[in-house]
Amino acid sequence: MASRVFQSSLSLSKIPELWRDTSALKGAFEEGDLSAVAAKLQTTLHLLENARLDIGITGGTGSGKSTFVNTIRGLGDEDPKSAYTGVVEMTVGPTPYAHPKYPNVIIWDLPGISTPTFQAEKYLQRVLPARYDFFIIITSQSFTAHHAQLAREILQLGKRFYLIRSEVDVDIAASRSRRPSTFSEERVLSQIREDCWRRLEAGGLKDPKVFLLSMFELGKYDFHLLEEVMAKDLESHKRHVLLLAMPAISEPVLERKAASLWQLIWLVAAVACGVNPSPMPGVQDVACDLHILIDSLEGYRRSFSLDKDSLVTLAGQTGQPLHKILEAARGPKTVTEALVVELLGQACRDASAFTQELLNVPVLGTLATCGLSFATIYQMLRTSLDKAVKDAESAASGLPRQLRPRAPGEIRSMIPALSLDQLEVAAKDWEDTALGLMPSLAIAPTFPALNPHSNQ
């Protein structure tokens, strides 16, 4: 299995080569060479979406680490592709499990650390720490000196780790049963955190951050905080694939997924109308590569777990009745050519005014050669992403409802409308992503202000 996993990875070493001559890219935009620009953007988009991410999961015997390997991949313990689980140690060596939807995301189930003779240095030599982007250390009871020792050794290697206290739902249920009249969930959680901090600090860790989880109700407690911190700590290209692969089980997780996909809308639109475009039947003056758009819409639904198998798993993770989740996720279960053409036709009616504005921006002359195509695709992708987010949020809550307002810096407005200001924000997002993709370059591709009236 490991050989298949490694064959599926895609090296990012080629990315700097694509952008070494940044003046050529800018020149292609200014000269109206859309095919040259689109080809470069298509390659970079492919590399971005297929960045390799390796996560090492370790902990004590019976801590739930193998169950966590399954849960974050959207699988139950009885799924044929699941990691083996049990009350005794089942993992004898580092075992890779590819994400079923994103094979470039590899979750490694590592051997347990509960042996009396455990030595962190020898353990890390055994599991080859260089291969992992970060580690997750799990315990279902109190943290021990072994956990702290391992965390310290990981830090010395320059790697990140995240500490999880699992089975907090079991502790809460036990406390409620023993003290029904004085029970307080908040107090139980606070006591668990304080015990974790005290033991880890006694083991030599300063200011340890611990995340409280239930493996069987992942949407409760601290999972969204864990996902937020993991994403923040990663480089931009790996952050994107992490966000796509994480289970869509809470509103904060959904928002970060949507924000990451939102950044790429204008990029996908430029590629779709610049690479192998064909006229769309019934949609006047719109030409594009239909397969690129089908892949994008399928990607939205895949990332938000809107296929039936994912919705069944979601019901188990959130505790919501399956019939309510299936009713809430009202979007199409499959994406067909006919559906995409229909969506393009709907978007085309709102895109003509934006196309006229586009023609007045010299640096966007390249996109303007697409005429209505770019604006229509951009509009269609925005609307489709908005719909997928709402369907996923409704499914996660079990009840259809509008997205709550978002603060600046979170996900931007998904209202289906177009303007140069919005496109300028999207281009700036792309520029930030490009910088993240190319940390070794002093200069990343930049684009002049898209607003012709801007003083910049």
# chains A, B, ... in the order shown; residues from 1 in each chain; ligands from 1
>>> select_by_dssp(residues="segment 26-103 of chain A", states="alpha helix (DSSP H)", output="VMD selection string")
chain A and resid 26 to 31 34 to 49 65 to 71
>>> residues_around(residues="Ile138 of chain A", least_positions_apart="3", cutoff="9 Å", atoms="only C-alpha atoms", output="PyMOL selection string")
chain A and resi 57-60+63-65+143+147+162-166
>>> residues_around(residues="segment 379-388 of chain A", least_positions_apart="6", cutoff="9 Å", atoms="only C-alpha atoms", output="count of residues only")
30
>>> residues_around(residues="Gly316 of chain A", least_positions_apart="3", cutoff="10 Å", atoms="only C-alpha atoms", output="number ranges by chain")
A: 76, 216-218, 311-313, 319-322
>>> residues_around(residues="Ser190 of chain A", least_positions_apart="6", cutoff="12 Å", atoms="only C-alpha atoms", output="PDB file with N, CA and C atoms, in the first residue's frame")
ATOM      1  N   VAL A 168     -13.356  12.570  25.880  1.00  0.00           N
ATOM      2  CA  VAL A 168     -13.916  13.467  26.894  1.00  0.00           C
ATOM      3  C   VAL A 168     -15.419  13.243  27.042  1.00  0.00           C
ATOM      4  N   ASP A 171     -15.845  10.809  29.867  1.00  0.00           N
ATOM      5  CA  ASP A 171     -15.684  11.454  31.173  1.00  0.00           C
ATOM      6  C   ASP A 171     -16.911  12.278  31.546  1.00  0.00           C
ATOM      7  N   ILE A 172     -17.478  12.966  30.561  1.00  0.00           N
ATOM      8  CA  ILE A 172     -18.653  13.792  30.819  1.00  0.00           C
ATOM      9  C   ILE A 172     -19.843  12.917  31.207  1.00  0.00           C
ATOM     10  N   SER A 184     -21.841  19.723  35.815  1.00  0.00           N
ATOM     11  CA  SER A 184     -21.558  20.862  34.941  1.00  0.00           C
ATOM     12  C   SER A 184     -20.560  20.417  33.885  1.00  0.00           C
ATOM     13  N   CYS A 196      -4.346  18.060  32.188  1.00  0.00           N
ATOM     14  CA  CYS A 196      -3.430  17.897  31.049  1.00  0.00           C
ATOM     15  C   CYS A 196      -2.278  18.883  31.146  1.00  0.00           C
ATOM     16  N   TRP A 197      -2.603  20.151  31.383  1.00  0.00           N
ATOM     17  CA  TRP A 197      -1.559  21.178  31.476  1.00  0.00           C
ATOM     18  C   TRP A 197      -0.575  20.862  32.600  1.00  0.00           C
ATOM     19  N   VAL A 210      -3.665  21.889  24.509  1.00  0.00           N
ATOM     20  CA  VAL A 210      -4.318  20.590  24.457  1.00  0.00           C
ATOM     21  C   VAL A 210      -5.721  20.768  23.885  1.00  0.00           C
ATOM     22  N   PHE A 211      -6.094  19.875  22.974  1.00  0.00           N
ATOM     23  CA  PHE A 211      -7.412  19.926  22.340  1.00  0.00           C
ATOM     24  C   PHE A 211      -8.243  18.737  22.830  1.00  0.00           C
ATOM     25  N   LEU A 212      -9.439  19.015  23.317  1.00  0.00           N
ATOM     26  CA  LEU A 212     -10.332  17.981  23.844  1.00  0.00           C
ATOM     27  C   LEU A 212     -11.260  17.504  22.732  1.00  0.00           C
ATOM     28  N   TYR A 221     -16.807  19.941  20.945  1.00  0.00           N
ATOM     29  CA  TYR A 221     -15.578  20.253  21.685  1.00  0.00           C
ATOM     30  C   TYR A 221     -14.573  21.011  20.805  1.00  0.00           C
TER      31      TYR A 221
END
